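One file, input_32.txt, carrying compact mmCIF, C-alpha atoms:
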# COMPACT_ATOMS: atom_id res chain seq x y z
CA MET A 1 5.05 18.46 68.78
CA LEU A 2 5.76 18.35 65.04
CA GLU A 3 2.64 19.52 63.25
CA LYS A 4 3.57 21.24 59.98
CA GLU A 5 1.72 18.54 58.01
CA LYS A 6 -1.53 20.00 59.29
CA GLU A 7 -1.03 22.98 56.97
CA TYR A 8 -1.36 20.69 53.96
CA TYR A 9 -4.34 18.49 54.80
CA SER A 10 -7.53 19.34 52.91
CA ASP A 11 -10.64 17.73 51.47
CA THR A 12 -8.51 16.18 48.74
CA ILE A 13 -5.26 15.60 50.70
CA VAL A 14 -6.07 13.11 53.42
CA ALA A 15 -2.79 11.17 53.56
CA ILE A 16 0.75 12.57 53.35
CA ALA A 17 4.02 10.72 52.87
CA GLY A 18 7.08 12.06 54.66
CA VAL A 19 10.51 11.18 53.23
CA ASP A 20 14.04 11.46 54.60
CA GLU A 21 17.44 9.80 54.37
CA ALA A 22 20.43 8.79 56.45
CA GLY A 23 24.01 8.41 55.33
CA ARG A 24 24.67 10.98 52.64
CA GLY A 25 27.97 12.03 54.22
CA PRO A 26 29.84 8.82 55.11
CA LEU A 27 32.80 7.41 53.20
CA ALA A 28 31.43 3.87 53.43
CA GLY A 29 28.16 2.01 53.30
CA PRO A 30 24.89 2.76 51.53
CA VAL A 31 22.62 5.74 51.81
CA CYS A 32 19.26 4.73 53.28
CA ALA A 33 15.94 6.44 52.59
CA ALA A 34 12.59 5.92 54.27
CA ALA A 35 9.04 7.10 53.69
CA VAL A 36 6.19 7.12 56.22
CA VAL A 37 2.44 7.77 56.03
CA PHE A 38 0.70 8.22 59.37
CA PRO A 39 -3.05 8.53 59.94
CA LYS A 40 -4.06 12.18 59.74
CA ASP A 41 -4.82 12.41 63.48
CA TYR A 42 -1.79 10.42 64.69
CA GLN A 43 0.33 12.14 67.32
CA ASN A 44 3.49 11.09 69.12
CA PRO A 45 5.43 13.73 71.06
CA ASP A 46 8.47 11.45 71.26
CA ILE A 47 9.06 11.48 67.50
CA ASP A 48 11.63 14.06 66.48
CA ASP A 49 14.50 14.57 64.06
CA SER A 50 16.58 11.39 64.45
CA LYS A 51 19.75 13.43 65.10
CA LYS A 52 18.18 14.81 68.30
CA LEU A 53 17.42 11.36 69.74
CA THR A 54 19.57 8.77 71.48
CA ALA A 55 20.16 5.42 69.79
CA LYS A 56 18.02 3.73 72.46
CA LYS A 57 15.16 6.14 71.83
CA ARG A 58 15.41 5.68 68.07
CA ASP A 59 15.30 1.91 68.44
CA ALA A 60 12.14 2.10 70.54
CA LEU A 61 10.48 4.52 68.12
CA PHE A 62 11.47 2.36 65.13
CA GLU A 63 8.96 -0.32 66.15
CA GLU A 64 6.37 2.25 67.24
CA ILE A 65 6.49 3.98 63.86
CA LYS A 66 6.12 0.76 61.88
CA LYS A 67 3.21 -0.33 64.10
CA ASN A 68 1.25 2.92 63.75
CA ALA A 69 2.00 3.90 60.15
CA LEU A 70 -0.61 3.38 57.45
CA GLY A 71 2.32 2.54 55.23
CA TYR A 72 6.10 2.85 55.10
CA GLY A 73 9.03 1.98 52.88
CA ILE A 74 12.79 1.66 53.38
CA ALA A 75 15.35 1.49 50.56
CA PHE A 76 19.11 1.64 50.01
CA ALA A 77 21.37 3.04 47.34
CA THR A 78 24.62 1.07 47.32
CA PRO A 79 28.13 2.53 47.31
CA ALA A 80 28.42 1.47 43.65
CA GLU A 81 25.23 3.37 42.81
CA ILE A 82 26.49 6.39 44.74
CA ASP A 83 29.73 6.33 42.74
CA GLU A 84 27.88 5.90 39.45
CA LEU A 85 25.07 8.41 39.96
CA ASN A 86 26.59 10.80 42.59
CA ILE A 87 25.28 10.99 46.14
CA TYR A 88 22.50 13.45 45.33
CA MET A 89 20.99 11.35 42.55
CA ALA A 90 21.50 8.12 44.48
CA THR A 91 19.62 9.60 47.43
CA GLN A 92 16.74 10.56 45.15
CA LYS A 93 16.70 7.02 43.74
CA ALA A 94 16.49 5.49 47.22
CA MET A 95 13.73 7.92 48.21
CA LYS A 96 11.66 7.01 45.16
CA GLU A 97 12.12 3.31 45.90
CA ALA A 98 11.03 3.82 49.52
CA LEU A 99 7.92 5.69 48.35
CA GLY A 100 7.21 2.91 45.86
CA GLN A 101 7.01 0.36 48.68
CA ILE A 102 4.12 2.14 50.42
CA GLN A 103 0.93 0.13 49.99
CA CYS A 104 -1.57 2.79 51.04
CA ASP A 105 -2.77 5.82 49.05
CA PHE A 106 -1.30 9.26 49.65
CA GLN A 107 -1.92 12.56 47.88
CA LEU A 108 1.16 14.60 48.84
CA ILE A 109 4.86 14.00 49.51
CA LEU A 110 6.86 16.12 51.95
CA THR A 111 10.66 15.78 51.91
CA ASP A 112 13.50 17.15 53.98
CA ALA A 113 14.61 19.76 51.41
CA MET A 114 14.98 17.19 48.61
CA PRO A 115 13.17 17.81 45.29
CA LEU A 116 11.78 14.71 43.59
CA LYS A 117 10.24 14.48 40.13
CA ASN A 118 8.00 12.11 38.17
CA LEU A 119 6.04 10.72 41.09
CA LYS A 120 2.34 9.99 41.42
CA ALA A 121 1.82 12.78 43.98
CA PRO A 122 3.07 16.38 44.22
CA VAL A 123 6.28 16.91 46.17
CA ILE A 124 7.02 19.79 48.57
CA PRO A 125 10.62 20.03 49.82
CA ILE A 126 10.75 21.61 53.29
CA ILE A 127 13.98 23.00 54.70
CA LYS A 128 14.64 21.35 58.07
CA GLY A 129 11.52 19.27 57.44
CA ASP A 130 12.68 16.60 59.88
CA ALA A 131 12.42 19.19 62.67
CA GLN A 132 8.94 20.34 61.64
CA CYS A 133 6.97 17.45 60.13
CA LEU A 134 5.99 14.32 62.03
CA ASN A 135 6.06 12.05 58.96
CA ILE A 136 9.48 13.31 57.82
CA ALA A 137 10.90 12.93 61.34
CA ALA A 138 9.53 9.39 61.50
CA ALA A 139 11.13 8.63 58.13
CA SER A 140 14.44 10.00 59.42
CA ILE A 141 14.26 7.56 62.33
CA LEU A 142 13.48 4.54 60.13
CA ALA A 143 16.33 5.46 57.80
CA LYS A 144 18.84 6.12 60.58
CA VAL A 145 18.08 2.96 62.57
CA THR A 146 18.07 0.77 59.46
CA ARG A 147 21.39 2.15 58.23
CA ASP A 148 23.04 1.96 61.66
CA ARG A 149 22.00 -1.68 62.01
CA TYR A 150 23.35 -2.39 58.53
CA MET A 151 26.73 -0.87 59.44
CA GLU A 152 26.85 -2.85 62.69
CA GLU A 153 26.34 -6.07 60.70
CA LEU A 154 29.01 -4.96 58.24
CA GLU A 155 31.54 -4.79 61.07
CA LYS A 156 31.04 -8.51 61.65
CA GLN A 157 32.27 -9.14 58.10
CA TYR A 158 35.08 -6.59 58.31
CA PRO A 159 36.22 -6.37 61.95
CA GLN A 160 39.25 -4.28 60.92
CA PHE A 161 36.77 -1.39 60.57
CA HIS A 162 34.73 -0.25 63.58
CA PHE A 163 31.60 0.49 61.55
CA SER A 164 29.41 0.09 64.64
CA VAL A 165 31.27 3.07 66.13
CA HIS A 166 31.73 5.53 63.26
CA LYS A 167 29.00 4.20 60.90
CA GLY A 168 31.27 4.87 57.93
CA TYR A 169 31.66 8.60 58.57
CA GLY A 170 35.09 10.15 58.10
CA THR A 171 36.06 10.24 61.76
CA LYS A 172 39.66 10.13 63.00
CA LEU A 173 39.23 6.43 63.82
CA HIS A 174 37.85 5.61 60.38
CA MET A 175 40.60 7.57 58.63
CA GLU A 176 43.22 5.65 60.62
CA GLU A 177 41.59 2.35 59.68
CA LEU A 178 41.42 3.42 56.05
CA ALA A 179 45.12 4.31 56.02
CA LYS A 180 46.05 1.01 57.66
CA ASN A 181 43.75 -1.38 55.78
CA GLY A 182 42.80 0.36 52.57
CA PRO A 183 39.22 0.66 51.33
CA ILE A 184 36.88 -2.33 51.03
CA GLU A 185 35.62 -3.00 47.52
CA GLY A 186 31.86 -2.57 47.40
CA VAL A 187 31.74 -0.90 50.82
CA HIS A 188 33.75 2.32 50.53
CA ARG A 189 32.62 5.07 48.17
CA LYS A 190 35.35 5.46 45.57
CA SER A 191 34.06 8.86 44.46
CA PHE A 192 34.43 10.37 47.93
CA ARG A 193 37.67 12.29 48.33
CA PRO A 194 39.57 10.40 51.08
CA VAL A 195 38.78 7.06 49.42
CA ALA A 196 39.56 8.36 45.93
CA ALA A 197 42.89 9.67 47.24
CA PHE A 198 43.84 6.15 48.35
CA TYR A 199 43.23 4.75 44.86
CA GLU A 200 45.16 7.64 43.31
CA GLU A 201 48.14 6.79 45.52
CA GLN A 202 47.90 3.15 44.49
CA LEU A 203 47.99 4.10 40.81
CA LYS A 204 51.17 6.09 41.36
CA LEU A 205 52.87 2.89 42.53
CA PHE A 206 52.40 1.20 39.16
Please, can you express the file's structure as structure tokens?
Amino acid sequence: MLEKEKEYYSDTIVAIAGVDEAGRGPLAGPVCAAAVVFPKDYQNPDIDDSKKLTAKKRDALFEEIKKNALGYGIAFATPAEIDELNIYMATQKAMKEALGQIQCDFQLILTDAMPLKNLKAPVIPIIKGDAQCLNIAAASILAKVTRDRYMEELEKQYPQFHFSVHKGYGTKLHMEELAKNGPIEGVHRKSFRPVAAFYEEQLKLF
């Protein structure tokens, strides 16, 4: 049972937003951030860090989280934004956008080790927060499921890349596809080393 939020509730803090992301490491696709506010007394022993759950379990919890949350938000930062801002800043941007979508009031924000500034509520970054805080774990599930579904749809547009399998991460399969097909404009992150190396090789040819 993830219960670290309970340490922060008080007479003045009655609703807490948990924030997390999915997709900081891949070579392709957006980074996705989510934010969740549960009722103070909400419990669900099935909710855990998204990385510890099967895809089937995450899919089931995705609907459960949305149904029981007081409010939630989901936002992307595109590959172009990642290249322009860097992955760290782009992740912060997506997190702030996800928080901005929440329609209910909250007095505190807990993140999975990510500092955020200039928000309407104080922010506490917690190392391994997705393994300790229910709201952060729930946000990790919303972000992971949303991004995975996005990558699966992307494969329909670009069947030469098995995005439904590797989700854009730099796996052996993805690296082979990248070498064979080259990066996709607007999909691959040009600032990430293996993709940047491809463009550098292309420049040498001219």
Nearest to Val165 of chain A: which of A:Leu99, A:Ser10, A:Phe38, A:Glu152 is it, counting only C-alpha atoms?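 Checking each of A:Leu99, A:Ser10, A:Phe38, A:Glu152 against Val165 of chain A, counting only C-alpha atoms, the winner is A:Glu152.
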Which residue gives the smallest distance to Lys128 of chain A among A:Leu2, A:Ile87, A:Leu70, A:Val36, with all atoms listed in the file counted?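 Of A:Leu2, A:Ile87, A:Leu70, A:Val36, the one nearest Lys128 of chain A, counting all atoms listed in the file, is A:Leu2.
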List the spatial neighbours of Val195 of chain A as an mmCIF file with C-alpha atoms, keeping the file's coordinate frame - criterion: any atom at most 9 Å away, only C-alpha atoms, same-chain residues fewer than 5 positions off excluded.
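Saved result, around_5.cif, follows:
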data_model
loop_
_atom_site.group_PDB
_atom_site.id
_atom_site.type_symbol
_atom_site.label_atom_id
_atom_site.label_comp_id
_atom_site.auth_asym_id
_atom_site.auth_seq_id
_atom_site.Cartn_x
_atom_site.Cartn_y
_atom_site.Cartn_z
ATOM 1 C CA LEU A 27 32.800 7.410 53.200
ATOM 2 C CA ALA A 28 31.430 3.870 53.430
ATOM 3 C CA LEU A 178 41.420 3.420 56.050
ATOM 4 C CA GLY A 182 42.800 0.360 52.570
ATOM 5 C CA PRO A 183 39.220 0.660 51.330
ATOM 6 C CA HIS A 188 33.750 2.320 50.530
ATOM 7 C CA ARG A 189 32.620 5.070 48.170
ATOM 8 C CA LYS A 190 35.350 5.460 45.570
ATOM 9 C CA GLU A 200 45.160 7.640 43.310
#
Out of A:Thr91, A:Thr111, A:Gln43, A:Asn181, which residue has the shortest atom-to-atom distance to Ala69 of chain A when counting all atoms listed in the file? A:Gln43
Which residues are near Glu5 of chain A? Cut-off 9 Å, all atoms listed in the file, ignore same chain within fewer than 2 positions. Put them as a PyMOL selection string. chain A and resi 2-3+7-9+16+40+110+132-135
Here is a test: counting only C-alpha atoms, which residue of A:Cys104, A:Ala90, A:Ile65, A:Leu85 is nearest to Ala138 of chain A?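 Counting only C-alpha atoms, the residue closest to Ala138 of chain A is A:Ile65.
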One decimal place gives the atom CA of Lys96 of chain A-atom CA of Asp49 of chain A separation as 20.6 Å
Give me, as an NGL selection string, all polymer residues having an atom no more than 10 Å from Pro125 of chain A, counting all atoms listed in the file and skipping those fewer than 2 positions away in the same chain. :A and (18-19 or 109-116 or 123 or 127-129)
Expected file contents, prior selection, C-alpha atoms, as a CSV table (one decimal), keeping the file's coordinate frame:
chain,number,residue,atom,x,y,z
A,18,GLY,CA,7.1,12.1,54.7
A,19,VAL,CA,10.5,11.2,53.2
A,109,ILE,CA,4.9,14.0,49.5
A,110,LEU,CA,6.9,16.1,52.0
A,111,THR,CA,10.7,15.8,51.9
A,112,ASP,CA,13.5,17.2,54.0
A,113,ALA,CA,14.6,19.8,51.4
A,114,MET,CA,15.0,17.2,48.6
A,115,PRO,CA,13.2,17.8,45.3
A,116,LEU,CA,11.8,14.7,43.6
A,123,VAL,CA,6.3,16.9,46.2
A,127,ILE,CA,14.0,23.0,54.7
A,128,LYS,CA,14.6,21.4,58.1
A,129,GLY,CA,11.5,19.3,57.4
Just so I have it separately, write segment 130-157 of chain A from the block I sent, keeping C-alpha atoms, as a PDB file, in the first residue's frame.
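Final output, decode.pdb:
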ATOM      1  CA  ASP A 130       6.225   6.450  -7.778  1.00  0.00           C
ATOM      2  CA  ALA A 131       7.069   3.575  -5.421  1.00  0.00           C
ATOM      3  CA  GLN A 132       5.899   5.428  -2.308  1.00  0.00           C
ATOM      4  CA  CYS A 133       3.018   7.777  -3.153  1.00  0.00           C
ATOM      5  CA  LEU A 134      -0.357   6.626  -4.430  1.00  0.00           C
ATOM      6  CA  ASN A 135      -1.020   9.785  -6.459  1.00  0.00           C
ATOM      7  CA  ILE A 136       2.418   9.727  -8.112  1.00  0.00           C
ATOM      8  CA  ALA A 137       2.079   6.013  -8.926  1.00  0.00           C
ATOM      9  CA  ALA A 138      -1.348   6.683 -10.435  1.00  0.00           C
ATOM     10  CA  ALA A 139       0.131   9.508 -12.516  1.00  0.00           C
ATOM     11  CA  SER A 140       2.878   7.155 -13.707  1.00  0.00           C
ATOM     12  CA  ILE A 141       0.214   4.730 -14.928  1.00  0.00           C
ATOM     13  CA  LEU A 142      -1.774   7.401 -16.786  1.00  0.00           C
ATOM     14  CA  ALA A 143       1.404   8.684 -18.431  1.00  0.00           C
ATOM     15  CA  LYS A 144       2.706   5.236 -19.367  1.00  0.00           C
ATOM     16  CA  VAL A 145      -0.573   3.940 -20.805  1.00  0.00           C
ATOM     17  CA  THR A 146      -1.227   7.154 -22.739  1.00  0.00           C
ATOM     18  CA  ARG A 147       2.260   7.191 -24.241  1.00  0.00           C
ATOM     19  CA  ASP A 148       2.219   3.481 -25.092  1.00  0.00           C
ATOM     20  CA  ARG A 149      -1.109   3.877 -26.887  1.00  0.00           C
ATOM     21  CA  TYR A 150       0.272   6.871 -28.772  1.00  0.00           C
ATOM     22  CA  MET A 151       3.283   4.846 -29.942  1.00  0.00           C
ATOM     23  CA  GLU A 152       1.039   1.965 -31.012  1.00  0.00           C
ATOM     24  CA  GLU A 153      -0.975   4.377 -33.168  1.00  0.00           C
ATOM     25  CA  LEU A 154       2.252   5.803 -34.567  1.00  0.00           C
ATOM     26  CA  GLU A 155       3.212   2.368 -35.858  1.00  0.00           C
ATOM     27  CA  LYS A 156       0.107   2.395 -38.060  1.00  0.00           C
ATOM     28  CA  GLN A 157       1.484   5.484 -39.808  1.00  0.00           C
TER      29      GLN A 157
END
